[in-house]
Structure formats: structure tokens, C-alpha cells
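Next comes input06.txt, a file with compact mmCIF, C-alpha atoms.
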```txt
# COMPACT_ATOMS: atom_id res chain seq x y z
CA MET A 1 112.88 99.74 87.77
CA ASP A 2 114.60 100.58 91.05
CA ALA A 3 116.90 97.58 90.63
CA ILE A 4 117.89 98.83 87.18
CA ARG A 5 118.55 102.34 88.51
CA ALA A 6 120.60 100.98 91.39
CA SER A 7 122.79 98.76 89.20
CA SER A 8 126.29 99.84 88.18
CA PRO A 9 126.90 101.60 84.83
CA PHE A 10 128.76 98.52 83.55
CA ALA A 11 125.83 96.25 84.48
CA LYS A 12 123.47 98.63 82.65
CA VAL A 13 125.67 98.50 79.55
CA LEU A 14 125.79 94.68 79.67
CA ALA A 15 122.01 94.47 80.12
CA GLY A 16 121.51 96.90 77.24
CA LEU A 17 123.79 94.87 74.99
CA LEU A 18 121.94 91.66 75.89
CA VAL A 19 118.64 93.29 74.88
CA THR A 20 120.30 94.59 71.69
CA LEU A 21 121.59 91.09 70.92
CA VAL A 22 118.10 89.58 71.19
CA VAL A 23 116.50 92.42 69.19
CA GLY A 24 119.20 92.07 66.53
CA ALA A 25 118.81 88.30 66.34
CA PHE A 26 115.04 88.26 66.00
CA GLY A 27 114.30 91.71 64.47
CA GLY A 28 117.34 91.53 62.21
CA GLY A 29 116.44 87.95 61.32
CA TRP A 30 112.93 89.04 60.36
CA VAL A 31 114.29 91.80 58.09
CA PHE A 32 116.91 89.42 56.66
CA GLU A 33 114.22 86.90 55.73
CA ARG A 34 112.47 89.54 53.58
CA PHE A 35 115.51 89.41 51.28
CA HIS A 36 117.00 85.95 51.76
CA PRO A 37 115.73 82.64 53.15
CA ILE A 38 117.42 81.36 56.28
CA PRO A 39 118.09 77.61 56.06
CA PRO A 40 117.08 75.88 59.32
CA ALA A 41 120.56 74.35 59.61
CA ALA A 42 122.11 77.84 59.58
CA ALA A 43 119.48 79.61 61.71
CA VAL A 44 121.65 79.96 64.85
CA GLY A 45 124.65 81.15 62.82
CA VAL A 46 122.68 83.70 60.78
CA ARG A 47 120.59 85.09 63.65
CA GLY A 48 123.55 85.05 66.03
CA SER A 49 125.70 86.95 63.54
CA LEU A 50 122.91 89.49 62.99
CA GLY A 51 122.49 89.91 66.76
CA LEU A 52 126.21 90.51 67.25
CA ALA A 53 126.29 92.83 64.21
CA PHE A 54 123.45 94.90 65.71
CA CYS A 55 125.30 95.03 69.06
CA CYS A 56 128.46 96.30 67.38
CA PHE A 57 126.49 98.84 65.34
CA ILE A 58 124.70 100.17 68.43
CA ILE A 59 128.05 100.51 70.28
CA PHE A 60 129.39 102.38 67.22
CA ALA A 61 126.34 104.64 66.94
CA VAL A 62 126.10 105.42 70.67
CA SER A 63 129.86 106.10 70.83
CA VAL A 64 129.71 108.47 67.84
CA ILE A 65 126.79 110.37 69.40
CA ARG A 66 128.64 110.63 72.73
CA ILE A 67 131.87 111.79 71.05
CA LEU A 68 129.97 114.45 69.09
CA ARG A 69 128.53 115.65 72.39
CA GLY A 70 132.05 115.95 73.78
CA GLU A 71 131.73 112.89 76.03
CA LYS A 72 133.70 109.63 76.20
CA PRO A 73 132.66 106.74 73.93
CA LEU A 74 130.54 103.97 75.45
CA ASP A 75 132.59 102.62 78.35
CA LEU A 76 132.98 98.85 78.04
CA LYS A 77 135.69 98.55 80.69
CA PRO A 78 134.92 96.27 83.64
CA PRO A 79 134.47 98.07 87.00
CA GLU A 80 137.63 99.33 88.71
CA ASP A 81 137.18 96.92 91.62
CA ALA A 82 137.00 93.89 89.31
CA ASN A 83 140.04 91.67 88.96
CA PRO A 84 141.35 92.46 85.43
CA LEU A 85 142.77 88.96 84.99
CA LEU A 86 139.48 87.34 86.00
CA ALA A 87 137.52 89.77 83.78
CA THR A 88 139.77 88.88 80.82
CA ILE A 89 139.40 85.13 81.43
CA VAL A 90 135.59 85.48 81.65
CA ALA A 91 135.63 87.51 78.41
CA ILE A 92 137.74 84.84 76.67
CA ILE A 93 135.42 82.04 77.81
CA PHE A 94 132.39 84.08 76.70
CA GLY A 95 134.06 84.71 73.33
CA TYR A 96 134.86 81.02 72.93
CA LEU A 97 131.26 80.03 73.65
CA ILE A 98 129.93 82.58 71.14
CA GLY A 99 132.54 81.57 68.59
CA THR A 100 131.87 77.86 68.78
CA SER A 101 128.07 78.23 68.73
CA ILE A 102 127.63 80.92 66.06
CA PHE A 103 130.71 80.64 63.81
CA ARG A 104 130.62 76.91 63.16
CA MET B 105 141.77 96.21 91.73
CA LYS B 106 144.05 98.58 89.88
CA PRO B 107 147.07 96.99 88.22
CA SER B 108 150.23 98.24 89.84
CA ILE B 109 153.39 98.63 87.80
CA LYS B 110 156.68 98.81 89.62
CA VAL B 111 159.45 100.54 87.76
CA ASN B 112 162.34 98.16 87.39
CA PRO B 113 165.57 100.17 87.46
CA SER B 114 167.55 97.19 86.18
CA ILE B 115 165.92 97.47 82.78
CA ASN B 116 168.52 99.45 80.94
CA ARG B 117 168.06 101.84 78.08
CA THR B 118 169.27 99.41 75.44
CA ALA B 119 166.77 96.73 76.44
CA ARG B 120 163.99 99.30 76.45
CA ALA B 121 165.06 100.57 73.04
CA ILE B 122 165.02 97.01 71.64
CA TYR B 123 161.58 96.40 73.15
CA ARG B 124 160.33 99.73 71.79
CA LEU B 125 161.58 98.83 68.31
CA PHE B 126 159.88 95.41 68.43
CA HIS B 127 156.71 96.97 69.83
CA LEU B 128 156.49 99.42 66.94
CA ALA B 129 157.51 96.84 64.32
CA SER B 130 155.29 93.99 65.56
CA PRO B 131 152.15 94.95 63.53
CA VAL B 132 154.36 95.18 60.42
CA ILE B 133 155.87 91.76 61.23
CA VAL B 134 152.35 90.26 61.24
CA VAL B 135 151.86 91.61 57.72
CA LEU B 136 155.35 90.48 56.64
CA VAL B 137 154.56 86.91 57.75
CA GLY B 138 150.89 86.88 56.68
CA VAL B 139 151.34 88.17 53.12
CA PRO B 140 153.99 85.57 52.09
CA ALA B 141 151.97 82.82 53.81
CA GLY B 142 148.84 83.86 51.89
CA ALA B 143 150.82 84.17 48.65
CA LEU B 144 152.25 80.68 49.20
CA VAL B 145 148.76 79.23 49.60
CA LEU B 146 147.59 81.08 46.50
CA LEU B 147 150.58 79.93 44.41
CA THR B 148 150.44 76.30 45.51
CA LYS B 149 146.67 75.82 45.80
CA GLY B 150 145.13 78.55 43.64
CA HIS B 151 141.43 79.27 43.99
CA GLU B 152 140.38 75.64 44.12
CA PHE B 153 137.29 74.83 46.16
CA CYS B 154 138.21 73.56 49.56
CA THR B 155 136.58 70.47 51.05
CA TYR B 156 137.90 70.98 54.53
CA LYS B 157 137.73 68.55 57.38
CA THR B 158 135.58 70.02 60.14
CA GLU B 159 137.92 68.90 62.94
CA TYR B 160 140.38 71.73 62.19
CA LEU B 161 138.01 74.29 63.73
CA PRO B 162 137.01 74.97 66.40
CA ASP B 163 140.36 73.82 67.74
CA PRO B 164 140.70 74.50 71.49
CA TRP B 165 144.50 74.25 71.29
CA LEU B 166 144.74 77.02 68.68
CA PHE B 167 142.41 79.06 70.89
CA VAL B 168 144.61 78.43 73.95
CA LEU B 169 147.67 79.39 71.90
CA GLY B 170 146.02 82.69 70.96
CA ALA B 171 144.94 83.38 74.54
CA ALA B 172 148.46 82.67 75.85
CA ALA B 173 149.97 84.97 73.21
CA PHE B 174 147.44 87.69 74.13
CA PHE B 175 148.48 87.57 77.80
CA ALA B 176 152.15 87.41 76.79
CA GLY B 177 151.73 90.57 74.71
CA HIS B 178 150.25 92.39 77.69
CA TYR B 179 152.80 91.27 80.28
CA VAL B 180 155.80 91.72 77.96
CA GLY B 181 154.49 95.26 77.47
CA LEU B 182 154.44 95.86 81.22
CA LEU B 183 157.98 94.51 81.66
CA GLY B 184 159.34 96.11 78.53
CA THR B 185 158.32 99.70 79.13
CA GLY B 186 158.86 99.81 82.89
CA HIS B 187 157.09 103.15 83.05
CA VAL B 188 153.62 104.63 82.85
CA ASN B 189 152.23 105.09 79.33
CA LYS B 190 151.77 108.73 78.41
CA THR B 191 148.53 109.78 76.79
CA SER B 192 148.07 113.02 74.92
CA GLU B 193 144.97 114.70 73.55
CA ALA B 194 145.87 113.45 70.07
CA SER B 195 146.45 109.84 71.22
CA VAL B 196 143.11 109.81 73.09
CA LYS B 197 141.32 111.06 69.95
CA PHE B 198 143.14 108.51 67.79
CA GLY B 199 142.30 105.67 70.22
CA ARG B 200 138.63 106.61 70.26
CA GLY B 201 138.59 106.80 66.47
CA VAL B 202 140.13 103.33 66.20
CA ILE B 203 137.63 101.78 68.64
CA VAL B 204 134.61 103.39 66.97
CA THR B 205 135.83 102.35 63.51
CA ALA B 206 136.52 98.81 64.73
CA PHE B 207 132.93 98.40 65.91
CA LEU B 208 131.53 99.70 62.61
CA VAL B 209 133.77 97.38 60.57
CA THR B 210 132.95 94.43 62.84
CA SER B 211 129.22 95.00 62.40
CA LEU B 212 129.65 94.99 58.60
CA ILE B 213 131.80 91.83 58.76
CA LEU B 214 129.14 90.10 60.86
CA VAL B 215 126.44 90.99 58.31
CA PHE B 216 128.68 89.37 55.67
CA GLU B 217 129.00 86.36 58.00
CA ALA B 218 125.18 86.16 58.25
CA ILE B 219 124.80 86.28 54.45
CA GLY B 220 127.57 83.71 54.01
CA SER B 221 125.99 81.39 56.60
CA ALA B 222 122.62 81.66 54.86
CA GLU B 223 124.20 80.97 51.48
CA ILE B 224 126.15 77.93 52.54
CA ALA B 225 125.16 74.78 50.69
CA VAL B 226 125.03 72.31 53.53
CA GLY B 227 126.28 68.86 52.62
CA THR B 228 127.35 69.68 49.07
CA THR B 229 130.78 69.88 47.50
CA THR B 230 130.03 72.76 45.16
CA PRO B 231 130.93 76.29 46.24
CA SER B 232 128.31 78.93 47.05
CA GLN B 233 128.72 82.50 45.84
CA LEU B 234 129.52 83.54 49.38
CA GLU B 235 130.64 81.47 52.33
CA PRO B 236 130.86 82.18 56.06
CA ILE B 237 134.17 83.70 57.17
CA THR B 238 135.03 80.49 59.00
CA TYR B 239 134.99 78.69 55.62
CA TYR B 240 137.93 80.76 54.42
CA VAL B 241 139.75 80.27 57.73
CA ARG B 242 139.14 76.50 57.66
CA CYS B 243 140.40 76.32 54.08
CA ALA B 244 143.50 78.36 54.90
CA ILE B 245 144.25 76.03 57.80
CA GLU B 246 143.49 72.94 55.69
CA HIS B 247 145.93 74.17 53.02
CA ASP B 248 148.53 75.13 55.62
CA VAL B 249 148.42 71.61 57.08
CA GLU B 250 149.59 70.37 53.68
CA ILE B 251 152.01 73.23 53.01
CA SER B 252 153.83 73.74 56.31
CA GLY B 253 152.25 71.37 58.83
CA LEU B 254 150.42 74.27 60.58
CA VAL B 255 153.62 76.30 61.14
CA PHE B 256 152.24 79.43 59.43
CA THR B 257 148.90 79.11 61.20
CA ARG B 258 150.49 78.85 64.65
CA LEU B 259 152.99 81.61 63.88
CA LEU B 260 150.26 84.00 62.71
CA ILE B 261 148.01 83.22 65.67
CA ILE B 262 150.88 83.87 68.10
CA LEU B 263 151.92 87.10 66.37
CA THR B 264 148.40 88.46 65.90
CA PHE B 265 147.29 87.83 69.47
CA TYR B 266 150.63 89.03 70.86
CA VAL B 267 150.16 92.32 69.00
CA ALA B 268 146.55 92.55 70.24
CA GLY B 269 147.60 92.04 73.87
CA ASN B 270 150.58 94.35 73.50
CA TRP B 271 148.74 97.20 71.80
CA PHE B 272 145.10 96.98 72.94
CA TRP B 273 145.67 95.97 76.58
CA PRO B 274 148.21 98.52 77.75
CA GLY B 275 149.41 99.04 81.30
CA ARG B 276 148.61 102.04 83.42
CA SER B 277 148.11 105.23 81.43
CA GLN B 278 148.24 108.84 82.58
CA PRO B 279 148.00 112.16 80.78
CA ALA B 280 151.46 113.18 79.55
CA ALA B 281 151.34 116.41 81.56
CA SER B 282 151.05 114.49 84.86
CA VAL B 283 153.94 112.09 84.16
CA PRO B 284 157.37 113.38 85.20
CA SER B 285 159.83 113.29 82.32
CA LYS B 286 163.07 111.32 82.77
```

What is this structure when it is put down as C-alpha cells?
Amino acid sequence: MDAIRASSPFAKVLAGLLVTLVVGAFGGGWVFERFHPIPPAAAVGVRGSLGLAFCCFIIFAVSVIRILRGEKPLDLKPPEDANPLLATIVAIIFGYLIGTSIFR
Amino acid sequence: MKPSIKVNPSINRTARAIYRLFHLASPVIVVLVGVPAGALVLLTKGHEFCTYKTEYLPDPWLFVLGAAAFFAGHYVGLLGTGHVNKTSEASVKFGRGVIVTAFLVTSLILVFEAIGSAEIAVGTTTPSQLEPITYYVRCAIEHDVEISGLVFTRLLIILTFYVAGNWFWPGRSQPAASVPSK
């Protein structure tokens, strides 16, 4: 718990989104299966899309709540001391890996 | 590391005005290229079911092209303005509204993607009621290979990612009140 408290706000946001992604993939997948079967060949694509959808929805919901409270939306900017070029390249690589694994 | 922008005095007013015009018009140019390209596909190919070849996507070279255009949009923006972007209360509110809306729309699109992926008839040549988004993209690229030899695809990727880098990755911004007027 101390390690979580000591981590930077950006690291907390990333960790939170990772948890949200997993919850969305498995929890969302479970709900999805109540209405529609998930073919085994499309399991990664369907669950991955649901995980990302849940992430985006949580960012939307948290941002709306923060804006209504008069605060800034959820801050997804990398830390000020991070190299912006490096951060962008890492984001592009991450996006490529997600894109090629989920959106096949 | 904060990005530092040095004001280049050699950039004259005319060049800045031309850049400003292109900056404002660039999203419209994407539409002006995309709509005729889509109409051309529709007129020449109709709604026929597409049996695409899987090697068109994922295509690392199209991805690299988009990434290069994204960076170009950002750095052309830095060179073109030559001054700090001014933010106002209204522009901050508008920016927040756009970001929040984008995440909501993206989440809905991804749910559609999940349904489309679950619906896909693997290994068949008959269309499902819904398909994953990539199906439509693959088909558009497949058709464009026949229509223009990928010219429209490359042009739209360059324009779209240029606009994204130019508009969504701005240079240094400060409140308008703290920026000295010229």
C-alpha cells in the first residue's frame, strides 16, 4: 500500500487503467456472453475490445465527475520530466501492439 | 523535459498567414479528400461483399506513414506559429468537452467492435450482419488497391495523422492573459 501511495499520479492512473482493462475484459466478457456467444477464435478480439471500451468509459465517467466538481479532467499526460518524444514513441509502440493483437 | 520553442523572427507574416490558413483548413481538406474517395469506392464497387486479402492489414508501412505524418503535423505546427499558443477559458472548456466526448464515442465504437468480432463468420465467404471495424477498413483498402493503387489510402492516412499531430499535440500553451500581444 505504501508503494502505491508513494507512486506518481501518472503511475497511479496507468495502474488504475490496467486494472480497468482486466476487469473490462473478463467482467465485460462475462456480461457479453449472457447475450451473445463468443467464438473461441475471436475471444482475444472481443474481450480486448470490451476491456478497452471499459477503460475509455471509465476515463469519460471520471473526467465528467471531476469537471462537474470544478476540477480538471483525468490527467493522462506523461510526467513533466519525461521526454515527450520518447513518451510518444512508447505510446505508438503500445498502440501498435494493441492494434495488431486485438483488431486483427 | 519541457519543450522549448524559440521564436523565429525570420518567419514573416505572410508565411504565418499561409500556415494559419492551412492549419484551419486541414480538417476540411481531410473531408474533401475522404468523401470523394468513399464515393468513388461506392460508385465503382457498390455494396458487394469483400473477400479481402489479410496481408493488407496490419501493414507496418502504413503505420509508419501515419506515425511520420503525426510527428510532421506537430513539428510543422511549432515552426509555423513561431509563438506560444494562447488559451482562453472558452478554449479550455471546449478542449475538455472534446476529450470527454472522444472517450465516450471511443468506448461505444469499441463495443461495436466487440459485437462485430463476435459476429464474424470465420472462414466463410458470406457476410455477417455486423463485422469488426477492421473488416470495413480492409475492404476499403482492398478496393483502393484496384481503384487507385493505394493513392487515396496513403493520402488519407497522411492527412488524417498530420491533422491529429497538428491539432491534438500543440506546442507550449499559456493563458491568453499572460502572453504579451504583438

Just how far from atom CA of Gly177 of chain B is atom CA of Leu254 of chain B, in Å to one decimal?
->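 Separation between atom CA of Leu254 of chain B and atom CA of Gly177 of chain B: 21.6 Å.
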
Report as a VMD selection string the set of chain B residues whose atoms approach chain A to within 10 Å, with distances computed over all atoms listed in the file.
-> chain B and resid 105 to 107 158 161 to 164 167 to 168 171 175 196 to 197 200 to 201 203 to 226 236 to 239

State, in Å with one decimal place, the distance from atom CA of Ala91 of chain A to atom CA of Leu259 of chain B.
->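 Computing it gives 23.4 Å between the two atoms.
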
Please identify all polymer residues within 12 Å of segment 122-131 of chain B, counting all atoms listed in the file, omitting same-chain residues fewer than 5 positions from it, and present them as a list in words.
->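 In the requested format, the answer is Ile115, Asn116, Arg117, Leu136, Val137, Gly138, Gly177, His178, Val180, Gly181, Leu182, Leu183, Gly184, Thr185, Gly186, Leu260, Ile262, Leu263, Thr264, Phe265, Tyr266, Val267, Ala268, Gly269, Asn270, Trp271, Phe272 and Pro274 of chain B.
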
Would you mind reading off the distance between atom CA of Val241 of chain B and atom CA of Leu169 of chain B, one decimal, in Å?
-> 16.3 Å

Put the listed atoms of segment 50-65 of chain A in a box along x, y and z with 8 Å added on every side and give me the centre and edge lengths in Å to one decimal, as JSON.
```
{"center_x": 126.2, "center_y": 99.9, "center_z": 66.9, "size_x": 23.4, "size_y": 36.9, "size_z": 23.8}
```
